[in-house]
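File shown: model-v7.txt. Contents: compact mmCIF, C-alpha atoms (C1' of nucleotides).
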# COMPACT_ATOMS: atom_id res chain seq x y z
CA MET A 281 129.40 97.99 63.96
CA GLU A 282 132.89 98.71 65.14
CA SER A 283 133.18 102.18 63.65
CA HIS A 284 130.58 103.42 66.07
CA GLU A 285 132.54 102.18 69.09
CA LEU A 286 135.62 103.90 67.76
CA LYS A 287 133.84 107.21 67.22
CA LYS A 288 132.45 106.97 70.71
CA VAL A 289 135.95 107.08 72.17
CA GLY A 290 137.11 109.81 69.81
CA LEU A 291 139.05 107.72 67.33
CA LYS A 292 138.50 107.91 63.60
CA ALA A 293 137.16 104.75 62.06
CA THR A 294 140.12 103.83 59.96
CA LEU A 295 140.51 100.45 58.36
CA PRO A 296 143.32 99.20 60.60
CA ARG A 297 141.47 100.20 63.74
CA VAL A 298 138.24 98.59 62.61
CA ARG A 299 140.10 95.42 61.71
CA VAL A 300 141.95 95.17 65.00
CA LEU A 301 138.75 95.71 66.92
CA GLU A 302 136.86 93.15 64.84
CA LEU A 303 139.64 90.67 65.40
CA LEU A 304 139.64 91.15 69.16
CA GLU A 305 135.87 90.80 69.23
CA ARG A 306 135.67 87.72 67.07
CA SER A 307 138.87 85.80 67.68
CA GLU A 308 138.66 82.57 69.59
CA GLN A 309 141.77 83.65 71.38
CA ARG A 310 140.67 86.38 73.74
CA HIS A 311 144.25 87.22 74.73
CA MET A 312 146.58 88.20 71.93
CA SER A 313 150.00 89.78 71.73
CA ALA A 314 150.67 92.60 69.29
CA GLU A 315 152.50 90.09 67.14
CA ASP A 316 149.51 87.72 67.23
CA VAL A 317 147.21 90.50 66.09
CA TYR A 318 149.61 91.49 63.34
CA LYS A 319 149.93 87.97 62.01
CA ALA A 320 146.21 87.30 62.21
CA LEU A 321 145.51 90.42 60.18
CA LEU A 322 148.08 89.51 57.57
CA ASP A 323 146.61 86.03 57.37
CA SER A 324 143.17 87.41 56.74
CA GLY A 325 144.51 89.48 53.87
CA ASP A 326 144.79 92.86 55.55
CA ASP A 327 147.88 94.78 54.63
CA VAL A 328 148.79 96.41 57.90
CA GLY A 329 152.10 97.38 59.46
CA LEU A 330 153.31 96.08 62.78
CA ALA A 331 153.95 99.64 63.94
CA THR A 332 150.33 100.44 63.27
CA VAL A 333 149.20 97.47 65.29
CA TYR A 334 151.27 98.65 68.24
CA ARG A 335 149.97 102.17 67.85
CA VAL A 336 146.38 101.08 67.56
CA LEU A 337 146.57 98.75 70.52
CA THR A 338 148.13 101.45 72.66
CA GLN A 339 145.43 103.90 71.59
CA PHE A 340 142.78 101.33 72.40
CA GLU A 341 144.32 100.81 75.80
CA THR A 342 144.34 104.54 76.48
CA ALA A 343 140.75 104.78 75.28
CA GLY A 344 139.78 101.91 77.54
CA LEU A 345 138.75 99.60 74.73
CA VAL A 346 141.33 96.99 75.59
CA ILE A 347 143.32 95.89 78.60
CA ARG A 348 146.99 95.08 78.44
CA HIS A 349 148.39 92.29 80.57
CA HIS A 350 151.93 91.31 81.37
CA PHE A 351 151.93 87.61 81.98
CA GLU A 352 154.71 85.59 83.51
CA GLY A 353 157.59 85.37 81.10
CA GLY A 354 157.14 89.00 80.18
CA LEU A 355 154.55 88.27 77.52
CA SER A 356 152.35 91.30 76.80
CA VAL A 357 148.86 90.44 75.71
CA PHE A 358 145.75 92.43 74.99
CA GLU A 359 142.14 91.58 75.53
CA LEU A 360 138.92 93.35 74.78
CA ASN A 361 137.64 95.39 77.70
CA GLU A 362 134.06 94.31 78.12
CA GLY A 363 133.52 96.38 81.20
CA LYS A 364 133.51 93.70 83.82
CA HIS A 365 136.75 93.29 85.71
CA HIS A 366 138.06 89.78 86.02
CA ASP A 367 141.20 87.97 87.03
CA HIS A 368 143.06 85.24 85.19
CA ILE A 369 144.15 81.69 85.76
CA VAL A 370 146.68 80.53 83.22
CA CYS A 371 147.90 77.06 82.37
CA VAL A 372 151.66 77.28 82.04
CA ILE A 373 151.72 74.08 80.03
CA CYS A 374 149.15 74.58 77.31
CA GLY A 375 148.58 78.31 77.58
CA HIS A 376 144.88 77.91 78.29
CA ILE A 377 143.46 80.93 80.08
CA GLU A 378 140.32 81.15 82.16
CA GLU A 379 138.79 84.22 83.68
CA PHE A 380 137.15 84.57 87.03
CA THR A 381 136.11 87.06 89.64
CA ASP A 382 135.75 86.58 93.33
CA GLU A 383 133.90 89.11 95.42
CA VAL A 384 135.69 88.12 98.59
CA ILE A 385 139.09 88.67 97.01
CA GLU A 386 137.96 92.03 95.63
CA GLN A 387 136.79 93.15 99.04
CA ARG A 388 139.94 92.02 100.79
CA GLN A 389 141.98 93.99 98.30
CA GLU A 390 139.98 97.10 99.02
CA SER A 391 140.46 96.76 102.72
CA ILE A 392 144.18 96.10 102.33
CA ALA A 393 144.56 99.21 100.19
CA ASP A 394 142.54 101.23 102.68
CA LYS A 395 144.64 100.05 105.55
CA LYS A 396 147.79 101.06 103.72
CA GLY A 397 146.39 104.40 102.59
CA PHE A 398 146.29 103.59 98.91
CA ASN A 399 143.67 104.58 96.39
CA ILE A 400 143.24 101.60 94.11
CA LYS A 401 143.40 102.47 90.44
CA ASP A 402 143.70 98.98 89.12
CA HIS A 403 144.68 95.52 90.13
CA CYS A 404 145.39 92.18 88.60
CA LEU A 405 145.64 88.69 89.93
CA TYR A 406 147.26 85.95 87.91
CA ILE A 407 147.20 82.37 89.01
CA TYR A 408 149.62 80.10 87.15
CA GLY A 409 149.26 76.37 87.19
CA SER A 410 148.50 73.36 85.09
CA CYS A 411 145.02 72.47 84.03
CA GLN A 412 144.81 68.73 84.31
CA ASP A 413 142.17 68.41 81.70
CA PRO A 414 143.57 66.55 78.70
CA GLU A 415 140.88 68.16 76.58
CA THR A 416 141.91 71.72 77.24
CA CYS A 417 145.51 70.95 78.07
CA PRO A 418 146.78 68.70 75.28
CA HIS A 419 150.32 68.79 76.59
CA TYR A 420 149.46 67.81 80.08
CA GLN A 421 150.31 64.13 79.82
CA SER A 422 153.69 64.59 78.21
CA ASN A 423 154.73 67.22 80.72
CA ARG A 424 153.17 65.93 83.90
CA MET B 218 178.28 85.19 103.63
CA GLU B 219 176.88 85.19 100.16
CA SER B 220 179.23 82.65 98.67
CA HIS B 221 177.70 79.96 100.84
CA GLU B 222 174.21 80.67 99.57
CA LEU B 223 175.50 80.45 96.04
CA LYS B 224 177.22 77.13 96.62
CA LYS B 225 174.08 75.80 98.20
CA VAL B 226 172.20 76.24 94.93
CA GLY B 227 175.04 74.91 92.83
CA LEU B 228 176.48 78.17 91.55
CA LYS B 229 180.13 79.06 91.78
CA ALA B 230 180.85 82.00 94.01
CA THR B 231 182.14 84.34 91.36
CA LEU B 232 182.61 88.01 92.01
CA PRO B 233 179.70 89.22 89.88
CA ARG B 234 177.31 86.76 91.49
CA VAL B 235 178.40 87.64 95.00
CA ARG B 236 178.06 91.33 94.22
CA VAL B 237 174.59 91.03 92.75
CA LEU B 238 173.43 88.98 95.70
CA GLU B 239 174.94 91.40 98.19
CA LEU B 240 173.25 94.26 96.44
CA LEU B 241 169.86 92.61 96.48
CA GLU B 242 170.28 91.80 100.15
CA ARG B 243 171.44 95.21 101.20
CA SER B 244 169.82 97.68 98.86
CA GLU B 245 167.11 99.91 100.20
CA GLN B 246 165.25 99.26 97.01
CA ARG B 247 163.96 95.72 97.30
CA HIS B 248 162.73 95.68 93.71
CA MET B 249 165.30 96.40 91.04
CA SER B 250 165.44 96.07 87.28
CA ALA B 251 168.46 94.52 85.58
CA GLU B 252 169.50 98.03 84.58
CA ASP B 253 169.17 99.22 88.19
CA VAL B 254 171.41 96.42 89.37
CA TYR B 255 173.93 97.12 86.65
CA LYS B 256 174.13 100.81 87.43
CA ALA B 257 174.31 100.26 91.17
CA LEU B 258 177.24 97.91 90.70
CA LEU B 259 179.07 100.33 88.43
CA ASP B 260 178.45 103.09 90.95
CA SER B 261 179.98 101.04 93.71
CA GLY B 262 183.08 100.51 91.62
CA ASP B 263 182.43 97.01 90.34
CA ASP B 264 183.39 96.47 86.73
CA VAL B 265 180.63 94.22 85.52
CA GLY B 266 178.95 93.77 82.16
CA LEU B 267 175.25 94.25 81.61
CA ALA B 268 175.08 90.87 79.91
CA THR B 269 176.47 89.29 83.03
CA VAL B 270 173.87 90.98 85.17
CA TYR B 271 171.12 89.58 82.98
CA ARG B 272 172.73 86.15 83.04
CA VAL B 273 173.21 86.16 86.77
CA LEU B 274 169.70 87.36 87.52
CA THR B 275 168.23 84.69 85.28
CA GLN B 276 170.38 82.05 86.98
CA PHE B 277 169.27 83.32 90.37
CA GLU B 278 165.67 83.12 89.28
CA THR B 279 166.13 79.55 88.08
CA ALA B 280 167.86 78.69 91.33
CA GLY B 281 165.04 80.24 93.30
CA LEU B 282 167.18 82.93 94.87
CA VAL B 283 165.21 85.76 93.33
CA ILE B 284 161.73 86.34 91.98
CA ARG B 285 161.07 88.20 88.77
CA HIS B 286 158.04 90.41 88.47
CA HIS B 287 156.45 92.06 85.48
CA PHE B 288 154.78 95.18 86.72
CA GLU B 289 152.33 97.32 84.84
CA GLY B 290 154.10 99.18 82.10
CA GLY B 291 156.09 96.08 81.25
CA LEU B 292 158.79 96.84 83.79
CA SER B 293 160.70 93.74 84.85
CA VAL B 294 162.04 93.82 88.35
CA PHE B 295 163.77 91.36 90.61
CA GLU B 296 163.56 90.89 94.33
CA LEU B 297 165.28 88.59 96.75
CA ASN B 298 163.31 85.45 97.45
CA GLU B 299 163.14 85.22 101.19
CA GLY B 300 160.91 82.23 101.22
CA LYS B 301 157.67 83.78 102.26
CA HIS B 302 155.23 84.47 99.47
CA HIS B 303 153.74 87.92 99.36
CA ASP B 304 151.77 90.12 97.03
CA HIS B 305 152.45 93.71 96.02
CA ILE B 306 150.73 97.04 96.16
CA VAL B 307 152.41 99.61 93.97
CA CYS B 308 152.04 103.37 93.86
CA VAL B 309 151.82 104.33 90.21
CA ILE B 310 152.81 107.88 91.03
CA CYS B 311 155.93 107.59 93.14
CA GLY B 312 156.84 103.96 92.54
CA HIS B 313 156.62 103.07 96.22
CA ILE B 314 155.99 99.35 96.71
CA GLU B 315 154.58 97.61 99.74
CA GLU B 316 154.26 93.91 100.31
CA PHE B 317 151.44 92.07 101.96
CA THR B 318 149.84 88.67 102.32
CA ASP B 319 146.27 87.84 103.06
CA GLU B 320 145.29 84.37 104.14
CA VAL B 321 141.73 84.78 102.96
CA ILE B 322 142.84 85.72 99.47
CA GLU B 323 145.26 82.81 99.40
CA GLN B 324 142.52 80.39 100.36
CA ARG B 325 140.06 81.74 97.85
CA GLN B 326 142.65 81.31 95.14
CA GLU B 327 143.16 77.70 96.11
CA SER B 328 139.48 76.98 95.98
CA ILE B 329 139.06 78.73 92.65
CA ALA B 330 141.90 76.71 91.17
CA ASP B 331 140.43 73.51 92.59
CA LYS B 332 137.04 74.27 91.16
CA LYS B 333 138.58 74.82 87.73
CA GLY B 334 140.79 71.76 87.94
CA PHE B 335 144.09 73.64 88.07
CA ASN B 336 147.16 72.79 90.06
CA ILE B 337 148.55 76.09 91.27
CA LYS B 338 152.26 76.52 90.60
CA ASP B 339 152.49 80.16 91.35
CA HIS B 340 150.41 83.27 91.58
CA CYS B 341 150.80 86.98 91.85
CA LEU B 342 148.52 89.79 92.81
CA TYR B 343 149.42 93.37 92.01
CA ILE B 344 147.36 96.25 93.26
CA TYR B 345 148.11 99.57 91.57
CA GLY B 346 147.08 102.84 93.10
CA SER B 347 148.30 106.03 94.62
CA CYS B 348 149.62 106.20 98.13
CA GLN B 349 148.30 109.44 99.49
CA ASP B 350 151.05 109.87 101.98
CA PRO B 351 153.13 112.92 101.07
CA GLU B 352 156.00 111.38 103.02
CA THR B 353 156.28 108.25 100.97
CA CYS B 354 154.71 109.64 97.82
CA PRO B 355 156.50 112.93 97.11
CA HIS B 356 154.72 113.40 93.81
CA TYR B 357 151.28 112.94 95.13
CA GLN B 358 150.36 116.60 95.53
CA SER B 359 151.46 117.68 92.08
CA ASN B 360 149.68 114.80 90.42
CA ARG B 361 146.53 114.54 92.47
C1' DC C 40 133.34 116.73 46.46
C1' DT C 41 137.14 119.11 48.65
C1' DG C 42 140.53 120.42 51.93
C1' DA C 43 142.33 120.30 56.62
C1' DA C 44 143.58 117.25 59.99
C1' DA C 45 144.57 112.82 61.43
C1' DA C 46 146.35 108.32 60.61
C1' DA C 47 148.86 104.71 58.02
C1' DG C 48 152.99 102.58 56.30
C1' DA C 49 157.87 101.86 55.89
C1' DA C 50 162.10 102.28 57.62
C1' DA C 51 165.02 103.66 61.08
C1' DA C 52 165.81 104.07 65.93
C1' DA C 53 165.53 102.98 70.62
C1' DT C 54 165.07 99.36 74.20
C1' DT C 55 165.78 95.28 76.25
C1' DT C 56 167.70 90.79 76.35
C1' DT C 57 170.61 87.02 74.43
C1' DT C 58 174.62 84.85 72.25
C1' DG C 59 179.43 83.73 70.54
C1' DC C 60 183.88 83.62 71.73
C1' DA C 61 188.43 84.81 73.54
C1' DT C 62 190.07 85.68 78.13
C1' DT C 63 189.93 85.26 83.03
C1' DA C 64 188.58 83.31 87.42
C1' DT C 65 187.21 79.45 90.47
C1' DT C 66 187.69 75.08 92.64
C1' DG C 67 189.06 70.41 93.75
C1' DT C 68 193.39 67.92 93.86
C1' DC C 69 198.23 67.32 94.55
C1' DG D 115 199.45 77.03 98.26
C1' DA D 116 200.04 76.04 93.12
C1' DC D 117 197.91 73.73 88.89
C1' DA D 118 195.01 72.25 85.53
C1' DA D 119 190.26 71.47 84.17
C1' DT D 120 186.13 73.59 83.99
C1' DA D 121 183.04 77.21 84.18
C1' DA D 122 182.02 82.10 84.02
C1' DT D 123 182.96 86.84 82.49
C1' DG D 124 183.15 90.74 79.41
C1' DC D 125 182.83 92.62 75.13
C1' DA D 126 180.73 93.22 70.96
C1' DA D 127 177.48 91.80 67.92
C1' DA D 128 172.99 89.98 67.25
C1' DA D 129 168.16 89.19 68.36
C1' DA D 130 163.89 90.42 69.77
C1' DT D 131 160.66 93.76 70.84
C1' DT D 132 158.63 98.18 70.81
C1' DT D 133 158.62 103.13 69.47
C1' DT D 134 159.43 107.09 66.59
C1' DT D 135 160.06 109.76 62.37
C1' DC D 136 158.62 111.23 58.18
C1' DT D 137 156.13 111.03 53.85
C1' DT D 138 151.95 109.53 51.74
C1' DT D 139 147.25 108.29 52.19
C1' DT D 140 142.73 108.33 54.28
C1' DT D 141 138.93 110.18 56.85
C1' DC D 142 135.25 113.27 57.52
C1' DA D 143 132.95 117.82 58.11
C1' DG D 144 131.17 121.34 55.32
Would you mind writing the file out in structure tokens?
Amino acid sequence: MESHELKKVGLKATLPRVRVLELLERSEQRHMSAEDVYKALLDSGDDVGLATVYRVLTQFETAGLVIRHHFEGGLSVFELNEGKHHDHIVCVICGHIEEFTDEVIEQRQESIADKKGFNIKDHCLYIYGSCQDPETCPHYQSNR
Amino acid sequence: MESHELKKVGLKATLPRVRVLELLERSEQRHMSAEDVYKALLDSGDDVGLATVYRVLTQFETAGLVIRHHFEGGLSVFELNEGKHHDHIVCVICGHIEEFTDEVIEQRQESIADKKGFNIKDHCLYIYGSCQDPETCPHYQSNR
DNA sequence: CTGAAAAAGAAAAATTTTTGCATTATTGTC
DNA sequence: GACAATAATGCAAAAATTTTTCTTTTTCAG
């Protein structure tokens, strides 16, 4: 139940918040822009304002429920924070996104930060490319 | 001479373009937003329009002269493309940015992309943290 | 249930980036 | 060097995106 998760982070379980959280948990698309969320909610019959969506997403980010990414092209997207850090590999042709983690990369980052005297708060690695799989990348052939 | 570099990529050596390029080459701040560039040019007596700055920076990006980054917080910044790829470690307190490359990380990325069937076009790694050096991070003490 | 406090919604505002168009500048040729 | 063709600039207006304000509505503890 989503209301419990909201209470846990000190947010009242209002309808818009519950809906946004449900959406992020259940949507096929793990990475959604504020606009995406807004439209999806409208489509499913919820009468919510875009300003509320922005507010809620920002609150969720602050509360640690979601993570905000800035992909190439300036696109801001949100994804549910499920606790385990991961990086992203994005197909610039079809938009397909896969997640991964690599212990070696994580460790190298730590040692680089140490060497430079930084305390890591956060980090993100985005790999952009084309997935050559016609199944997942329907536009691959026409754009190859 | 900047006009030569512009010609080389097929852009006419107009005053605004030369000025923007000069600025990016000479500024202490390697990473500048469009607004930063605009203000710096006005300050140095150039009468340029903000729209032109945006246009020129986008042209430079297309031509490969500059690289555009989207840092945490949604901030778009540009830096001169000097040919050698590097990643960034950013102090979220004072804004100080350092560049680095790590061969091991680069290789791991390649092998991850291979394993997933992606052709890497580009990639970027941003580490966010606090640089604990009071010299380079003047705000560190007050925000620690 | 009820009331205080918080949140939603709508519209306006603030930001950032792009576009249309008249004017100005650049460049290859004479 | 000057000239005309072509491309680029600057301004203002328009988009696009995100945030804020303010009034009304909702939540939740007692």
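When atom C1' of DG67 of chain C is paired with atom C1' of DA116 of chain D, their separation reads 12.4 Å.
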Set out as a Markdown table a contact list for chain C and chain A with a cut-off of 10 Å, giving each residue of chain C that qualifies its closest atom pair and distance in Å to one decimal, counting all atoms listed in the file, ordered by chain and rising residue number.
| residue | atom | partner | partner_atom | distance |
| --- | --- | --- | --- | --- |
| C:DA45 | C1' | A:Lys292 | CA | 8.1 |
| C:DA46 | C1' | A:Thr294 | CA | 7.7 |
| C:DA47 | C1' | A:Thr332 | CA | 6.9 |
| C:DG48 | C1' | A:Gly329 | CA | 6.1 |
| C:DA49 | C1' | A:Gly329 | CA | 8.1 |
Could you please take those selected residues and save C-alpha atoms (C1' of nucleotides) as a short mmCIF file (atom, residue, chain, number, x, y, z; two decimals), in the frame of the given file?
data_model
loop_
_atom_site.label_atom_id
_atom_site.label_comp_id
_atom_site.auth_asym_id
_atom_site.auth_seq_id
_atom_site.Cartn_x
_atom_site.Cartn_y
_atom_site.Cartn_z
"C1'" DA C 45 144.57 112.82 61.43
"C1'" DA C 46 146.35 108.32 60.61
"C1'" DA C 47 148.86 104.71 58.02
"C1'" DG C 48 152.99 102.58 56.30
"C1'" DA C 49 157.87 101.86 55.89
#
Proximity check chain A to chain B, 6 Å, nearest pairs one decimal Å, all atoms listed in the file, as CSV:
residue,atom,partner,partner_atom,distance
A:Ile385,CA,B:Ile322,CA,5.4
A:Gly397,CA,B:Cys348,CA,5.8
A:Phe398,CA,B:Cys348,CA,4.3
A:Asn399,CA,B:Gly346,CA,5.0
A:Ile400,CA,B:Gly346,CA,4.2
A:Lys401,CA,B:Gly346,CA,4.6
A:Asp402,CA,B:Tyr345,CA,5.1
A:His403,CA,B:Ile344,CA,4.2
A:Cys404,CA,B:Tyr343,CA,5.4
A:Leu405,CA,B:Leu342,CA,4.2
A:Tyr406,CA,B:Cys341,CA,5.4
A:Ile407,CA,B:His340,CA,4.2
A:Tyr408,CA,B:Asp339,CA,5.1
A:Gly409,CA,B:Ile337,CA,4.2
A:Ser410,CA,B:Asn336,CA,5.2
A:Cys411,CA,B:Phe335,CA,4.3
Self-check item: Point-to-point distance from atom C1' of DT63 of chain C to atom CA of Leu258 of chain B, Å rounded to tenths
Solution: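 Interatomic distance here is 19.5 Å.
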How close does chain D get to chain B? List, as JSON lines, each residue of chain D within 9 Å, its nearest atom pair and the distance in Å to one decimal, counting all atoms listed in the file.
{"residue": "D:DA121", "atom": "C1'", "partner": "B:Lys229", "partner_atom": "CA", "distance": 8.3}
{"residue": "D:DA122", "atom": "C1'", "partner": "B:Thr231", "partner_atom": "CA", "distance": 7.7}
{"residue": "D:DT123", "atom": "C1'", "partner": "B:Thr269", "partner_atom": "CA", "distance": 7.0}
{"residue": "D:DG124", "atom": "C1'", "partner": "B:Gly266", "partner_atom": "CA", "distance": 5.9}
{"residue": "D:DC125", "atom": "C1'", "partner": "B:Gly266", "partner_atom": "CA", "distance": 8.1}
Exercise. With a distance cut-off of 12 Å and all atoms listed in the file, select the neighbouring residues of DA44 of chain C, excluding the residue or stretch itself and same-chain residues fewer than 4 positions from it, and output the selection as a list in words.
Key: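 Skipping anything fewer than 4 positions along the chain leaves Lys292 of chain A; DT140, DT141, DC142 and DA143 of chain D.
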Quiz item: Quick one, how far is atom C1' of DA53 of chain C from atom C1' of DT132 of chain D?
Solution: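 About the pair atom C1' of DA53 of chain C and atom C1' of DT132 of chain D: they are 8.4 Å apart.
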Export segment 332-341 of chain A of the preceding structure, keeping all heavy atoms, as a CSV table (one decimal), in the first residue's frame.
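So out-v1.csv came out as:
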chain,number,residue,atom,x,y,z
A,332,THR,N,1.1,20.2,-9.7
A,332,THR,CA,1.1,19.2,-8.6
A,332,THR,C,2.0,18.1,-8.9
A,332,THR,O,2.8,17.6,-8.1
A,332,THR,CB,-0.3,18.7,-8.4
A,332,THR,OG1,-1.2,19.7,-8.1
A,332,THR,CG2,-0.4,17.7,-7.3
A,333,VAL,N,2.0,17.6,-10.2
A,333,VAL,CA,3.0,16.6,-10.5
A,333,VAL,C,4.4,17.0,-10.3
A,333,VAL,O,5.2,16.3,-9.7
A,333,VAL,CB,2.8,16.2,-12.0
A,333,VAL,CG1,3.9,15.2,-12.5
A,333,VAL,CG2,1.4,15.5,-12.2
A,334,TYR,N,4.7,18.2,-10.7
A,334,TYR,CA,6.1,18.7,-10.5
A,334,TYR,C,6.4,18.8,-9.0
A,334,TYR,O,7.4,18.4,-8.5
A,334,TYR,CB,6.3,20.1,-11.1
A,334,TYR,CG,6.7,20.1,-12.5
A,334,TYR,CD1,5.8,20.3,-13.6
A,334,TYR,CD2,8.0,19.8,-12.9
A,334,TYR,CE1,6.1,20.3,-14.9
A,334,TYR,CE2,8.3,19.7,-14.2
A,334,TYR,CZ,7.4,20.0,-15.2
A,334,TYR,OH,7.8,20.0,-16.5
A,335,ARG,N,5.4,19.3,-8.2
A,335,ARG,CA,5.6,19.4,-6.8
A,335,ARG,C,5.8,18.1,-6.2
A,335,ARG,O,6.8,17.9,-5.4
A,335,ARG,CB,4.4,20.1,-6.2
A,335,ARG,CG,4.7,21.5,-5.6
A,335,ARG,CD,3.5,22.1,-4.9
A,335,ARG,NE,2.2,21.8,-5.5
A,335,ARG,CZ,1.3,22.8,-5.7
A,335,ARG,NH1,1.5,24.0,-5.4
A,335,ARG,NH2,0.2,22.4,-6.3
A,336,VAL,N,5.0,17.2,-6.5
A,336,VAL,CA,5.0,15.8,-5.9
A,336,VAL,C,6.3,15.1,-6.2
A,336,VAL,O,7.0,14.6,-5.4
A,336,VAL,CB,3.8,15.0,-6.3
A,336,VAL,CG1,4.0,13.5,-6.0
A,336,VAL,CG2,2.5,15.5,-5.7
A,337,LEU,N,6.7,15.2,-7.5
A,337,LEU,CA,8.0,14.6,-7.9
A,337,LEU,C,9.2,15.2,-7.2
A,337,LEU,O,10.1,14.5,-6.8
A,337,LEU,CB,8.2,14.7,-9.4
A,337,LEU,CG,7.2,13.8,-10.2
A,337,LEU,CD1,7.3,14.1,-11.7
A,337,LEU,CD2,7.5,12.3,-10.0
A,338,THR,N,9.2,16.5,-7.0
A,338,THR,CA,10.3,17.1,-6.3
A,338,THR,C,10.3,16.7,-4.8
A,338,THR,O,11.3,16.5,-4.3
A,338,THR,CB,10.1,18.7,-6.4
A,338,THR,OG1,10.1,19.0,-7.8
A,338,THR,CG2,11.3,19.4,-5.7
A,339,GLN,N,9.1,16.6,-4.2
A,339,GLN,CA,9.0,16.2,-2.9
A,339,GLN,C,9.5,14.7,-2.7
A,339,GLN,O,10.2,14.4,-1.8
A,339,GLN,CB,7.5,16.2,-2.4
A,339,GLN,CG,7.0,17.6,-2.2
A,339,GLN,CD,5.5,17.7,-2.2
A,339,GLN,OE1,4.8,16.7,-2.6
A,339,GLN,NE2,5.0,18.8,-1.7
A,340,PHE,N,9.1,13.9,-3.7
A,340,PHE,CA,9.6,12.5,-3.7
A,340,PHE,C,11.1,12.4,-3.8
A,340,PHE,O,11.7,11.6,-3.2
A,340,PHE,CB,8.9,11.7,-4.8
A,340,PHE,CG,7.5,11.4,-4.6
A,340,PHE,CD1,6.8,11.8,-3.5
A,340,PHE,CD2,6.8,10.5,-5.5
A,340,PHE,CE1,5.5,11.5,-3.3
A,340,PHE,CE2,5.5,10.2,-5.3
A,340,PHE,CZ,4.8,10.6,-4.2
A,341,GLU,N,11.6,13.3,-4.6
A,341,GLU,CA,13.1,13.3,-4.8
A,341,GLU,C,13.7,13.7,-3.5
A,341,GLU,O,14.7,13.0,-3.0
A,341,GLU,CB,13.5,14.3,-5.9
A,341,GLU,CG,15.0,14.2,-6.2
A,341,GLU,CD,15.4,15.4,-7.1
A,341,GLU,OE1,14.7,16.3,-7.3
A,341,GLU,OE2,16.6,15.3,-7.6
